[in-house]
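Participant: Pasting a structure below so you can have a look.
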Amino acid sequence: MKNNINIDFIGIKLKTPLLTASGTFGYGDELTDLVDLNKIGAIVTKTITFEARSGNPQPRIAEVSSGMLNTIGLQNVGVQKFVENKLENILKQNVPVIVSVAGACTDDYIKTVKILNAFNKISAVELNLSCPNLKKTIISQDINLFSDIIKKVKKISKFPVIAKLSPQVQDIASLSQTAQDCGADAVTLTNTFPAMAIDINTFKPKLSTVKGGMSGPCVKPMALRCVYDAYQKIKIPIIGCGGICSGADAVEFFLAGARCVSIGTAALVDPDVFESTAKELEEYLKNKKISNIKDLIGKVKL
Ligand SMILES: Cc1cc2nc3c(=O)[nH]c(=O)nc-3n(C[C@H](O)[C@H](O)[C@H](O)COP(=O)(O)O)c2cc1C
């Protein structure tokens, strides 16, 4: 039997269901020598904003048990420099490119996506509505702003629109439904989990901003629960994200309802994780005599 980990996702043909998680693969052009791009379904770029941002002060990273905290604060060169110096290089790779976009208000998102609209080869935009490391509240926690951004970006975007949600909300399933109702083509569940760590010698928080976003294996069961809950309520596809390090982790997300998954922290530790995960998925399908990864989606048995 031929095992197949190709999948169609919002009209994009993915060679594998494994995406890079935004912010952990640079702009998408720096790490292409280090990883086998044939094992990556799509590159999701680090989040781009309309104006350049220098990000938060150091320290911006802290290790915690089975994971890490970050408070990068959306450091990026701004959309203009991104399209001038980075985008063409990424689009030359033989991998679909999803550009992650953020801003402080609806207009920021619209201005950024309008500039991206000139580049036909972009496969989709992912709206980061979930950064925990900015001074303002997380956009996913402001339902009016959240809805307004999705609706208005969807109106002007030439590309499918993916909404990336924060897990730090009252009801992830209802919020995913709101994203769907506002026109999102897919949701990414989820961004990092707000968290903190303290240095017991200095009594100081380990991050300059006191709190940051937690990622890595420690968040996997929580992210999985988000995917499971949302899958009960929405029809649009879900990108599962949080703590995935292996084929077995990815399978859990498919069973909970994800159509594809993204890998972040694990790729910072080991850039070969895409290759090993793809191989493990193929082996799993073969052992289980399942012909396609899509036959796993939402198939958890209760
Ligand atoms: C260092 C770092 C930077 C990140 N930057 C972004 C970002 O720019 N935009 C975004 O949407 N998510 C960002 N994230 C969140 C990841 O895309 C992902 O949602 C999260 O880390 C959970 O997945 P993981 O456990 O596989 O890392 C970042 C995560 C890390 C660790």
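Ligands are numbered from 1 in the order shown, residues from 1 within each chain, and chains are lettered A, B, ... in the order they appear in the structure tokens.
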Kindly work out which residues sit at most 7 Å from ligand 1, using only C-alpha atoms and all ligand atoms, and give the list as number ranges by chain.

Facilitator: A: 21-24, 46-47, 68-70, 72, 74, 100, 128, 130-131, 164, 190-192, 215-217, 219-220, 241-244, 262-266

Participant: Would you pick out the contacts of range 172-184 of chain A at 8 Å or less, using only C-alpha atoms, so that residues sharing its chain but fewer than 5 positions from it are not included, and give the list as a VMD selection string?

Facilitator: chain A and resid 140 147 150 to 151 154 160 to 163 165 167 226 229 to 236

Participant: Please save C-alpha atoms of the selected residues as an mmCIF file, in the first residue's frame.

Facilitator:
```
data_model
loop_
_atom_site.group_PDB
_atom_site.id
_atom_site.type_symbol
_atom_site.label_atom_id
_atom_site.label_comp_id
_atom_site.auth_asym_id
_atom_site.auth_seq_id
_atom_site.Cartn_x
_atom_site.Cartn_y
_atom_site.Cartn_z
ATOM 1 C CA SER A 140 -7.981 37.233 20.719
ATOM 2 C CA SER A 147 -13.761 40.069 14.384
ATOM 3 C CA ILE A 150 -10.610 39.102 10.182
ATOM 4 C CA LYS A 151 -13.637 40.526 8.321
ATOM 5 C CA LYS A 154 -10.685 38.882 4.310
ATOM 6 C CA PRO A 160 -6.727 32.631 1.942
ATOM 7 C CA VAL A 161 -6.762 34.006 5.488
ATOM 8 C CA ILE A 162 -5.754 31.924 8.500
ATOM 9 C CA ALA A 163 -6.518 33.236 12.006
ATOM 10 C CA LEU A 165 -5.674 32.290 18.123
ATOM 11 C CA PRO A 167 -5.223 29.756 24.030
ATOM 12 C CA CYS A 226 -7.981 23.450 22.130
ATOM 13 C CA ASP A 229 -12.818 21.568 21.369
ATOM 14 C CA ALA A 230 -12.709 23.693 18.218
ATOM 15 C CA TYR A 231 -13.114 20.689 15.921
ATOM 16 C CA GLN A 232 -16.489 19.959 17.557
ATOM 17 C CA LYS A 233 -17.742 23.371 16.493
ATOM 18 C CA ILE A 234 -16.151 24.500 13.230
ATOM 19 C CA LYS A 235 -15.993 23.320 9.639
ATOM 20 C CA ILE A 236 -12.895 25.197 8.472
#
```

Participant: Considering only alpha helix (DSSP H) as DSSP defines it on the backbone, what residues of range 10-223 of chain A qualify? List them as an MDAnalysis selection string.

Facilitator: chainID A and resid 79:81 87:92 106:116 143:156 172:181 220:223

Participant: Find, counting only C-alpha atoms, the residue in A:Ser166, A:Ser246, A:Thr49, A:Ser276 that gets nearest to Phe82 in chain A.

Facilitator: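 Residue with the minimum atom-to-atom distance to Phe82 in chain A: A:Thr49.
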
Participant: Based on the backbone DSSP call, show me all residues of range 158-292 of chain A assigned strand (DSSP E or B), as number ranges by chain.

Facilitator: A: 161-165, 186-189, 193-196, 198, 205, 211-215, 238-241, 260-263, 292

Participant: Got time to write the residues from that selection, C-alpha atoms, as a PDB file, in the first residue's frame?

Facilitator:
```
ATOM      1  CA  VAL A 161      -6.762  34.006   5.488  1.00  0.00           C
ATOM      2  CA  ILE A 162      -5.754  31.924   8.500  1.00  0.00           C
ATOM      3  CA  ALA A 163      -6.518  33.236  12.006  1.00  0.00           C
ATOM      4  CA  LYS A 164      -4.021  32.283  14.721  1.00  0.00           C
ATOM      5  CA  LEU A 165      -5.674  32.290  18.123  1.00  0.00           C
ATOM      6  CA  ALA A 186      -8.648  28.193   8.619  1.00  0.00           C
ATOM      7  CA  VAL A 187      -7.514  28.643  12.215  1.00  0.00           C
ATOM      8  CA  THR A 188      -4.175  27.933  13.870  1.00  0.00           C
ATOM      9  CA  LEU A 189      -4.544  26.596  17.402  1.00  0.00           C
ATOM     10  CA  PHE A 193       0.557  30.245  26.635  1.00  0.00           C
ATOM     11  CA  PRO A 194       1.108  33.314  28.854  1.00  0.00           C
ATOM     12  CA  ALA A 195       3.498  32.270  31.634  1.00  0.00           C
ATOM     13  CA  MET A 196       6.427  33.409  33.816  1.00  0.00           C
ATOM     14  CA  ILE A 198      11.587  33.723  38.453  1.00  0.00           C
ATOM     15  CA  PRO A 205      11.677  37.507  36.651  1.00  0.00           C
ATOM     16  CA  LYS A 211       5.641  37.431  31.554  1.00  0.00           C
ATOM     17  CA  GLY A 212       6.063  35.776  28.176  1.00  0.00           C
ATOM     18  CA  GLY A 213       4.723  32.955  26.011  1.00  0.00           C
ATOM     19  CA  MET A 214       5.335  29.315  26.887  1.00  0.00           C
ATOM     20  CA  SER A 215       5.913  26.704  24.186  1.00  0.00           C
ATOM     21  CA  ILE A 238      -7.378  23.583  11.865  1.00  0.00           C
ATOM     22  CA  ILE A 239      -3.595  23.845  12.026  1.00  0.00           C
ATOM     23  CA  GLY A 240      -2.597  22.199  15.309  1.00  0.00           C
ATOM     24  CA  CYS A 241       0.333  23.831  17.071  1.00  0.00           C
ATOM     25  CA  CYS A 260      -2.046  19.830   9.478  1.00  0.00           C
ATOM     26  CA  VAL A 261       0.348  20.805  12.246  1.00  0.00           C
ATOM     27  CA  SER A 262       3.121  23.299  12.835  1.00  0.00           C
ATOM     28  CA  ILE A 263       6.360  22.694  14.660  1.00  0.00           C
ATOM     29  CA  ASN A 292      -3.848   8.801   3.817  1.00  0.00           C
TER      30      ASN A 292
END
```

Participant: With distances taken over only C-alpha atoms, which residue among A:Glu275, A:Glu51, A:Glu280, A:Glu63 lies nearest Asn38 in chain A?

Facilitator: A:Glu275

Participant: Excluding Ile5 in chain A and any residue of its chain fewer than 4 positions from it, enumerate the residues within 8 Å of it, using only C-alpha atoms, and give them as an mmCIF file with C-alpha atoms, in the first residue's frame.

Facilitator:
```cif
data_model
loop_
_atom_site.group_PDB
_atom_site.id
_atom_site.type_symbol
_atom_site.label_atom_id
_atom_site.label_comp_id
_atom_site.auth_asym_id
_atom_site.auth_seq_id
_atom_site.Cartn_x
_atom_site.Cartn_y
_atom_site.Cartn_z
ATOM 1 C CA LYS A 15 3.877 17.662 0.434
ATOM 2 C CA THR A 16 3.661 16.881 4.144
ATOM 3 C CA PRO A 17 1.221 18.106 6.815
ATOM 4 C CA ALA A 278 7.566 12.917 8.349
ATOM 5 C CA LEU A 281 4.148 9.564 10.154
ATOM 6 C CA GLU A 282 4.759 7.440 7.074
ATOM 7 C CA ASN A 292 -3.848 8.801 3.817
ATOM 8 C CA ILE A 293 -3.231 11.141 6.711
#
```

Participant: Go through A:Thr32, A:Asn144, A:Thr45, A:Ser66 one by one, measure the shortest atom-to-atom distance of each to Thr20 in chain A using only C-alpha atoms, and give the residue with the smallest value.

Facilitator: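 The shortest atom-to-atom distance to Thr20 in chain A comes from A:Thr45.
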